[in-house]
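Novice: Below you'll find structure_36.pdb; it's PDB, C-alpha atoms and all ligand atoms.
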```pdb
ATOM      1  CA  MET A   1      12.889   6.617  -6.450  1.00  0.00           C
ATOM      2  CA  VAL A   2      13.763   9.400  -3.988  1.00  0.00           C
ATOM      3  CA  ASP A   3      16.451  10.619  -6.403  1.00  0.00           C
ATOM      4  CA  ASN A   4      13.774  10.934  -9.104  1.00  0.00           C
ATOM      5  CA  ALA A   5      11.462  12.812  -6.752  1.00  0.00           C
ATOM      6  CA  GLN A   6      14.261  15.198  -5.854  1.00  0.00           C
ATOM      7  CA  LEU A   7      15.055  15.777  -9.509  1.00  0.00           C
ATOM      8  CA  GLN A   8      11.410  16.535 -10.288  1.00  0.00           C
ATOM      9  CA  ALA A   9      10.888  18.870  -7.320  1.00  0.00           C
ATOM     10  CA  ARG A  10      10.781  22.525  -8.279  1.00  0.00           C
ATOM     11  CA  ALA A  11      13.549  24.714  -6.925  1.00  0.00           C
ATOM     12  CA  GLU A  12      11.092  26.674  -4.763  1.00  0.00           C
ATOM     13  CA  ASP A  13       9.451  23.469  -3.481  1.00  0.00           C
ATOM     14  CA  PRO A  14      10.056  23.253   0.287  1.00  0.00           C
ATOM     15  CA  SER A  15       9.702  19.427   0.310  1.00  0.00           C
ATOM     16  CA  GLU A  16      12.185  17.281   2.165  1.00  0.00           C
ATOM     17  CA  PHE A  17      12.984  13.737   1.107  1.00  0.00           C
ATOM     18  CA  HIS A  18      13.908  10.951   3.501  1.00  0.00           C
ATOM     19  CA  VAL A  19      14.182   7.189   3.238  1.00  0.00           C
ATOM     20  CA  VAL A  20      12.785   5.280   6.205  1.00  0.00           C
ATOM     21  CA  ASP A  21      11.803   1.715   6.887  1.00  0.00           C
ATOM     22  CA  CYS A  22       8.069   1.788   7.580  1.00  0.00           C
ATOM     23  CA  ILE A  23       8.071  -1.545   9.412  1.00  0.00           C
ATOM     24  CA  ALA A  24      10.140  -0.015  12.207  1.00  0.00           C
ATOM     25  CA  PRO A  25       8.840   2.798  14.411  1.00  0.00           C
ATOM     26  CA  PHE A  26       9.928   6.288  13.301  1.00  0.00           C
ATOM     27  CA  ASN A  27       9.103   9.890  14.003  1.00  0.00           C
ATOM     28  CA  MET A  28       9.364  12.279  11.041  1.00  0.00           C
ATOM     29  CA  GLY A  29       6.967  14.901  12.396  1.00  0.00           C
ATOM     30  CA  THR A  30       3.233  15.294  11.821  1.00  0.00           C
ATOM     31  CA  PHE A  31       1.371  16.152   8.632  1.00  0.00           C
ATOM     32  CA  ASP A  32      -2.137  16.872   7.309  1.00  0.00           C
ATOM     33  CA  LEU A  33      -1.949  14.042   4.797  1.00  0.00           C
ATOM     34  CA  VAL A  34      -0.086  10.757   4.527  1.00  0.00           C
ATOM     35  CA  LEU A  35      -0.057   8.846   1.231  1.00  0.00           C
ATOM     36  CA  GLY A  36       0.853   5.178   1.160  1.00  0.00           C
ATOM     37  CA  ILE A  37       0.673   4.185  -2.482  1.00  0.00           C
ATOM     38  CA  TRP A  38       1.633   0.511  -2.737  1.00  0.00           C
ATOM     39  CA  LEU A  39       3.094   0.468   0.768  1.00  0.00           C
ATOM     40  CA  LEU A  40       0.864  -1.505   3.159  1.00  0.00           C
ATOM     41  CA  ASN A  41       1.184  -4.510   0.844  1.00  0.00           C
ATOM     42  CA  TYR A  42       4.823  -4.905   1.918  1.00  0.00           C
ATOM     43  CA  ALA A  43       3.851  -5.867   5.477  1.00  0.00           C
ATOM     44  CA  LYS A  44       4.214  -9.628   5.736  1.00  0.00           C
ATOM     45  CA  ASP A  45       2.332 -10.214   8.965  1.00  0.00           C
ATOM     46  CA  ARG A  46       0.291  -8.666  11.763  1.00  0.00           C
ATOM     47  CA  THR A  47       3.339  -7.232  13.567  1.00  0.00           C
ATOM     48  CA  GLU A  48       4.663  -5.395  10.504  1.00  0.00           C
ATOM     49  CA  LEU A  49       1.216  -4.219   9.483  1.00  0.00           C
ATOM     50  CA  LEU A  50       0.487  -2.862  12.957  1.00  0.00           C
ATOM     51  CA  THR A  51       3.780  -0.948  12.970  1.00  0.00           C
ATOM     52  CA  MET A  52       2.968   0.579   9.581  1.00  0.00           C
ATOM     53  CA  TRP A  53      -0.478   1.669  10.746  1.00  0.00           C
ATOM     54  CA  GLN A  54       1.052   3.082  13.964  1.00  0.00           C
ATOM     55  CA  ASN A  55       3.658   5.020  11.961  1.00  0.00           C
ATOM     56  CA  ILE A  56       0.885   6.436   9.768  1.00  0.00           C
ATOM     57  CA  PHE A  57      -1.215   7.426  12.770  1.00  0.00           C
ATOM     58  CA  HIS A  58       1.700   9.082  14.580  1.00  0.00           C
ATOM     59  CA  SER A  59       2.624  10.977  11.392  1.00  0.00           C
ATOM     60  CA  LEU A  60      -0.769  12.677  11.191  1.00  0.00           C
ATOM     61  CA  LYS A  61      -1.937  15.839  12.900  1.00  0.00           C
ATOM     62  CA  PRO A  62      -5.321  15.622  14.662  1.00  0.00           C
ATOM     63  CA  GLY A  63      -7.914  15.623  11.867  1.00  0.00           C
ATOM     64  CA  GLY A  64      -5.307  14.461   9.350  1.00  0.00           C
ATOM     65  CA  GLN A  65      -6.032  11.925   6.620  1.00  0.00           C
ATOM     66  CA  PHE A  66      -4.396   8.819   5.245  1.00  0.00           C
ATOM     67  CA  VAL A  67      -4.912   7.601   1.679  1.00  0.00           C
ATOM     68  CA  GLY A  68      -3.400   4.334   0.522  1.00  0.00           C
ATOM     69  CA  VAL A  69      -3.586   2.080  -2.524  1.00  0.00           C
ATOM     70  CA  ILE A  70      -3.165  -1.678  -2.203  1.00  0.00           C
ATOM     71  CA  PRO A  71      -4.091  -4.774  -4.203  1.00  0.00           C
ATOM     72  CA  ASN A  72      -7.770  -5.647  -3.854  1.00  0.00           C
ATOM     73  CA  TYR A  73      -8.024  -8.732  -1.616  1.00  0.00           C
ATOM     74  CA  LYS A  74     -11.529  -9.468  -2.885  1.00  0.00           C
ATOM     75  CA  ILE A  75     -10.341 -10.553  -6.302  1.00  0.00           C
ATOM     76  CA  LEU A  76      -8.804 -13.699  -4.774  1.00  0.00           C
ATOM     77  CA  GLN A  77     -11.413 -16.398  -5.450  1.00  0.00           C
ATOM     78  CA  THR A  78      -9.075 -19.052  -4.167  1.00  0.00           C
ATOM     79  CA  THR A  79      -5.656 -18.779  -2.599  1.00  0.00           C
ATOM     80  CA  ALA A  80      -4.383 -22.095  -3.942  1.00  0.00           C
ATOM     81  CA  CYS A  81      -0.664 -21.934  -4.606  1.00  0.00           C
ATOM     82  CA  GLY A  82       0.046 -21.147  -8.282  1.00  0.00           C
ATOM     83  CA  GLN A  83      -3.391 -19.652  -8.924  1.00  0.00           C
ATOM     84  CA  GLU A  84      -3.155 -16.708 -11.330  1.00  0.00           C
ATOM     85  CA  TYR A  85      -5.477 -13.757 -11.799  1.00  0.00           C
ATOM     86  CA  HIS A  86      -5.276 -11.658 -14.948  1.00  0.00           C
ATOM     87  CA  PHE A  87      -6.951  -8.364 -15.556  1.00  0.00           C
ATOM     88  CA  GLY A  88      -5.942  -5.762 -18.045  1.00  0.00           C
ATOM     89  CA  GLY A  89      -2.169  -5.675 -17.933  1.00  0.00           C
ATOM     90  CA  VAL A  90      -1.800  -7.055 -14.407  1.00  0.00           C
ATOM     91  CA  THR A  91      -1.195 -10.617 -13.232  1.00  0.00           C
ATOM     92  CA  TYR A  92      -1.345 -11.709  -9.614  1.00  0.00           C
ATOM     93  CA  LYS A  93       0.147 -15.125  -8.901  1.00  0.00           C
ATOM     94  CA  VAL A  94      -0.460 -16.753  -5.536  1.00  0.00           C
ATOM     95  CA  LEU A  95       2.879 -17.963  -4.175  1.00  0.00           C
ATOM     96  CA  GLU A  96       1.856 -19.160  -0.742  1.00  0.00           C
ATOM     97  CA  ARG A  97      -0.854 -18.909   1.809  1.00  0.00           C
ATOM     98  CA  ILE A  98       0.396 -17.300   5.027  1.00  0.00           C
ATOM     99  CA  THR A  99      -1.261 -16.585   8.352  1.00  0.00           C
ATOM    100  CA  GLU A 100      -4.013 -14.017   7.702  1.00  0.00           C
ATOM    101  CA  GLY A 101      -3.089 -13.468   4.062  1.00  0.00           C
ATOM    102  CA  THR A 102      -1.279 -14.480   0.927  1.00  0.00           C
ATOM    103  CA  ARG A 103       2.150 -13.856  -0.576  1.00  0.00           C
ATOM    104  CA  ILE A 104       1.850 -12.963  -4.246  1.00  0.00           C
ATOM    105  CA  GLN A 105       3.881 -12.062  -7.278  1.00  0.00           C
ATOM    106  CA  VAL A 106       2.605  -9.083  -9.251  1.00  0.00           C
ATOM    107  CA  VAL A 107       3.567  -8.680 -12.889  1.00  0.00           C
ATOM    108  CA  LEU A 108       2.762  -5.442 -14.703  1.00  0.00           C
ATOM    109  CA  ASP A 109       2.641  -6.128 -18.414  1.00  0.00           C
ATOM    110  CA  THR A 110       4.395  -2.949 -19.442  1.00  0.00           C
ATOM    111  CA  THR A 111       6.825  -2.646 -22.359  1.00  0.00           C
ATOM    112  CA  ASP A 112       9.516  -3.908 -20.004  1.00  0.00           C
ATOM    113  CA  PRO A 113       7.415  -6.102 -17.671  1.00  0.00           C
ATOM    114  CA  ILE A 114       7.782  -5.224 -14.004  1.00  0.00           C
ATOM    115  CA  ALA A 115       7.541  -8.051 -11.455  1.00  0.00           C
ATOM    116  CA  PHE A 116       7.665  -7.851  -7.689  1.00  0.00           C
ATOM    117  CA  PHE A 117       6.540  -9.743  -4.595  1.00  0.00           C
ATOM    118  CA  CYS A 118       4.202  -8.499  -1.945  1.00  0.00           C
ATOM    119  CA  TYR A 119       1.512  -9.586   0.466  1.00  0.00           C
ATOM    120  CA  MET A 120      -2.239  -9.392   0.460  1.00  0.00           C
ATOM    121  CA  LEU A 121      -3.327  -9.417   4.078  1.00  0.00           C
ATOM    122  CA  GLU A 122      -6.966  -9.880   4.997  1.00  0.00           C
ATOM    123  CA  PRO A 123      -9.031  -6.661   5.103  1.00  0.00           C
ATOM    124  CA  GLY A 124     -10.137  -7.538   8.654  1.00  0.00           C
ATOM    125  CA  LEU A 125      -6.499  -7.557   9.752  1.00  0.00           C
ATOM    126  CA  HIS A 126      -5.994  -4.059   8.312  1.00  0.00           C
ATOM    127  CA  GLU A 127      -9.110  -2.926  10.156  1.00  0.00           C
ATOM    128  CA  GLU A 128      -7.883  -4.420  13.450  1.00  0.00           C
ATOM    129  CA  CYS A 129      -4.398  -2.913  13.115  1.00  0.00           C
ATOM    130  CA  ALA A 130      -5.736   0.498  12.071  1.00  0.00           C
ATOM    131  CA  ALA A 131      -8.093   0.529  15.063  1.00  0.00           C
ATOM    132  CA  GLN A 132      -5.302  -0.582  17.404  1.00  0.00           C
ATOM    133  CA  ALA A 133      -3.131   2.236  16.041  1.00  0.00           C
ATOM    134  CA  GLY A 134      -5.834   4.777  16.885  1.00  0.00           C
ATOM    135  CA  PHE A 135      -7.899   5.193  13.702  1.00  0.00           C
ATOM    136  CA  SER A 136     -11.646   5.076  14.061  1.00  0.00           C
ATOM    137  CA  HIS A 137     -12.813   5.380  10.448  1.00  0.00           C
ATOM    138  CA  LEU A 138     -11.329   3.063   7.861  1.00  0.00           C
ATOM    139  CA  ARG A 139     -12.944   2.995   4.413  1.00  0.00           C
ATOM    140  CA  TRP A 140     -12.324   0.776   1.395  1.00  0.00           C
ATOM    141  CA  GLU A 141     -13.100   2.240  -2.011  1.00  0.00           C
ATOM    142  CA  PRO A 142     -12.557   1.204  -5.612  1.00  0.00           C
ATOM    143  CA  LEU A 143     -10.200   3.301  -7.702  1.00  0.00           C
ATOM    144  CA  PRO A 144     -12.277   6.099  -9.267  1.00  0.00           C
ATOM    145  CA  SER A 145     -13.245   5.098 -12.821  1.00  0.00           C
ATOM    146  CA  GLU A 146     -12.174   8.485 -14.160  1.00  0.00           C
ATOM    147  CA  LEU A 147      -8.606   7.507 -13.306  1.00  0.00           C
ATOM    148  CA  ASP A 148      -7.475   6.205 -16.638  1.00  0.00           C
ATOM    149  CA  VAL A 149      -5.688   3.192 -15.197  1.00  0.00           C
ATOM    150  CA  ASP A 150      -5.395   0.545 -17.871  1.00  0.00           C
ATOM    151  CA  LEU A 151      -3.653  -1.885 -15.509  1.00  0.00           C
ATOM    152  CA  GLY A 152      -6.927  -3.170 -14.114  1.00  0.00           C
ATOM    153  CA  PRO A 153      -8.815  -0.911 -11.733  1.00  0.00           C
ATOM    154  CA  LEU A 154     -10.470  -3.870  -9.999  1.00  0.00           C
ATOM    155  CA  PHE A 155      -7.054  -5.112  -8.985  1.00  0.00           C
ATOM    156  CA  PHE A 156      -6.411  -2.104  -6.764  1.00  0.00           C
ATOM    157  CA  GLN A 157      -8.354  -0.434  -4.047  1.00  0.00           C
ATOM    158  CA  ILE A 158      -8.083   2.700  -2.009  1.00  0.00           C
ATOM    159  CA  VAL A 159      -8.047   2.633   1.750  1.00  0.00           C
ATOM    160  CA  THR A 160      -8.665   5.851   3.625  1.00  0.00           C
ATOM    161  CA  ALA A 161      -8.554   6.647   7.323  1.00  0.00           C
ATOM    162  CA  ALA A 162      -8.927   9.809   9.364  1.00  0.00           C
ATOM    163  CA  CYS A 163      -7.594  10.639  12.818  1.00  0.00           C
TER     164      CYS A 163
HETATM  165  C1  LIG A 201       5.471  -0.256  -5.999  1.00  0.00           C
HETATM  166  S1  LIG A 201       6.562   0.970  -5.264  1.00  0.00           S
HETATM  167  C2  LIG A 201       5.486   2.366  -5.112  1.00  0.00           C
HETATM  168  C3  LIG A 201       6.227   3.603  -4.898  1.00  0.00           C
HETATM  169  C4  LIG A 201       5.439   4.916  -4.869  1.00  0.00           C
HETATM  170  N1  LIG A 201       4.560   4.948  -3.722  1.00  0.00           N
HETATM  171  C5  LIG A 201       4.684   5.159  -6.127  1.00  0.00           C
HETATM  172  O1  LIG A 201       3.461   5.086  -6.125  1.00  0.00           O
HETATM  173  O2  LIG A 201       5.316   5.414  -7.160  1.00  0.00           O
HETATM  174  C6  LIG A 201       6.733   0.383  -3.611  1.00  0.00           C
HETATM  175  C7  LIG A 201       7.828   1.055  -2.830  1.00  0.00           C
HETATM  176  O3  LIG A 201       7.707   0.708  -1.452  1.00  0.00           O
HETATM  177  C8  LIG A 201       9.007   0.586  -0.922  1.00  0.00           C
HETATM  178  N2  LIG A 201       8.969  -0.211   0.315  1.00  0.00           N
HETATM  179  C9  LIG A 201       8.815  -1.537   0.450  1.00  0.00           C
HETATM  180  N3  LIG A 201       8.869  -1.899   1.750  1.00  0.00           N
HETATM  181  C10 LIG A 201       9.079  -0.751   2.456  1.00  0.00           C
HETATM  182  C11 LIG A 201       9.259  -0.452   3.834  1.00  0.00           C
HETATM  183  N4  LIG A 201       9.252  -1.418   4.751  1.00  0.00           N
HETATM  184  N5  LIG A 201       9.466   0.832   4.199  1.00  0.00           N
HETATM  185  C12 LIG A 201       9.488   1.817   3.270  1.00  0.00           C
HETATM  186  N6  LIG A 201       9.330   1.603   1.940  1.00  0.00           N
HETATM  187  C13 LIG A 201       9.131   0.327   1.539  1.00  0.00           C
HETATM  188  C14 LIG A 201       9.776  -0.073  -2.047  1.00  0.00           C
HETATM  189  O4  LIG A 201      11.161   0.131  -1.898  1.00  0.00           O
HETATM  190  C15 LIG A 201       9.228   0.665  -3.267  1.00  0.00           C
HETATM  191  O5  LIG A 201       9.968   1.818  -3.528  1.00  0.00           O
END
```
Here is the file; what I need is its structure written in the form of structure tokens.
Ligand SMILES: C[S@@+](CC[C@H](N)C(=O)[O-])C[C@H]1O[C@@H](n2cnc3c(N)ncnc32)[C@H](O)[C@@H]1O
Specialist:
Amino acid sequence: MVDNAQLQARAEDPSEFHVVDCIAPFNMGTFDLVLGIWLLNYAKDRTELLTMWQNIFHSLKPGGQFVGVIPNYKILQTTACGQEYHFGGVTYKVLERITEGTRIQVVLDTTDPIAFFCYMLEPGLHEECAAQAGFSHLRWEPLPSELDVDLGPLFFQIVTAAC
């Protein structure tokens, strides 16, 4: 993924590319904006989620903003093992209930279907961890409808936070 980003970067682009594990503390400097697109859903429990939120907070300048995209917890009517949710070209399958969340398999019904595992942790846990990390304003928003996402906009949601 980083190789692709490097290939696509323009020659005059001053971007740097690094690979870091976001469930361990790191210090890569501070920025105006942090994007976490499909990232927070890889935290499997409170400890990992708190570390991710702390890394995000410490990577922002005062007044900086975080924007993330994660699966929408609210679509889970029941978290019974094996339960499937289909919308557009996305399937979520509940694999197991865990403390404060659910482990799921996501399948994107693309030409070559893409399947991966991740976690849907309770929104309240995100709010607690974000507050503990130092954020005071966490907001949940649906994906904007003008985004032509045919993989099921209800299945994703945006989370934003400001320092
Ligand atoms: C579904 S992809 C999304 C990638 C990219 N944000 C995008 O929108 O195209 C999720 C990525 O998160 C990475 N990832 C998972 N756990 C991680 C962790 N603990 N630290 C850093 N990256 C992680 C995976 O390797 C994968 O590249």
Novice: Could you work out an axis-aligned bounding box for all listed atoms of ligand LIG 201 (chain A), with 3 Å added on each of the six sides, and give its centre and edge lengths in Å to one decimal, as lines of an AutoDock Vina configuration file?
Specialist:
```
center_x = 7.3
center_y = 1.8
center_z = -1.2
size_x = 13.7
size_y = 13.3
size_z = 17.9
```
Novice: Which residues would end up in the selection if the PyMOL selection byres (((not hetatm)) within 9 of (chain A and resi 201)) were applied here, given that I need the answer as a PyMOL selection string?
Specialist: chain A and resi 1-2+19-24+35-43+48+52+69+116+118
Novice: Quick check, in Å to one decimal: how far apart do CA of Phe17 in chain A and CA of Asp3 in chain A lie?
Specialist: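 These atoms are spaced 8.8 Å apart.
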Novice: Calculate how many Å separate CA of Leu108 in chain A from CA of Arg46 in chain A, rounding to one decimal.
Specialist: 26.8 Å
Novice: On this file, the PyMOL selection byres (((chain A and resi 120-136) around 9) and not hetatm) gives some set of residues; write that set as a PyMOL selection string.
Specialist: chain A and resi 40-47+49-58+70-74+98-104+118-119+137-138+140+161-163
Novice: Closest to Thr91 in chain A among A:Gly68, A:Pro144, A:Pro113, A:Pro14, using all atoms listed in the file?
Specialist: A:Pro113
Novice: If you apply the PyMOL selection byres (((chain A and resi 78-86) around 10) and not hetatm) to this file, what residues do you get, as a list in words?
Specialist: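 Here the PyMOL selection byres (((chain A and resi 78-86) around 10) and not hetatm) matches Lys74, Ile75, Leu76, Gln77, Phe87, Gly88, Gly89, Val90, Thr91, Tyr92, Lys93, Val94, Leu95, Glu96, Arg97, Ile98, Gly101, Thr102, Arg103, Ile104, Gln105, Val106, Val107, Leu151, Gly152 and Phe155 of chain A.
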Novice: One decimal, Å: what's the distance from CA of Ser15 in chain A over to CA of Pro142 in chain A, could you say?
Specialist: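 If I compute the distance from CA of Ser15 in chain A to CA of Pro142 in chain A, I get 29.4 Å.
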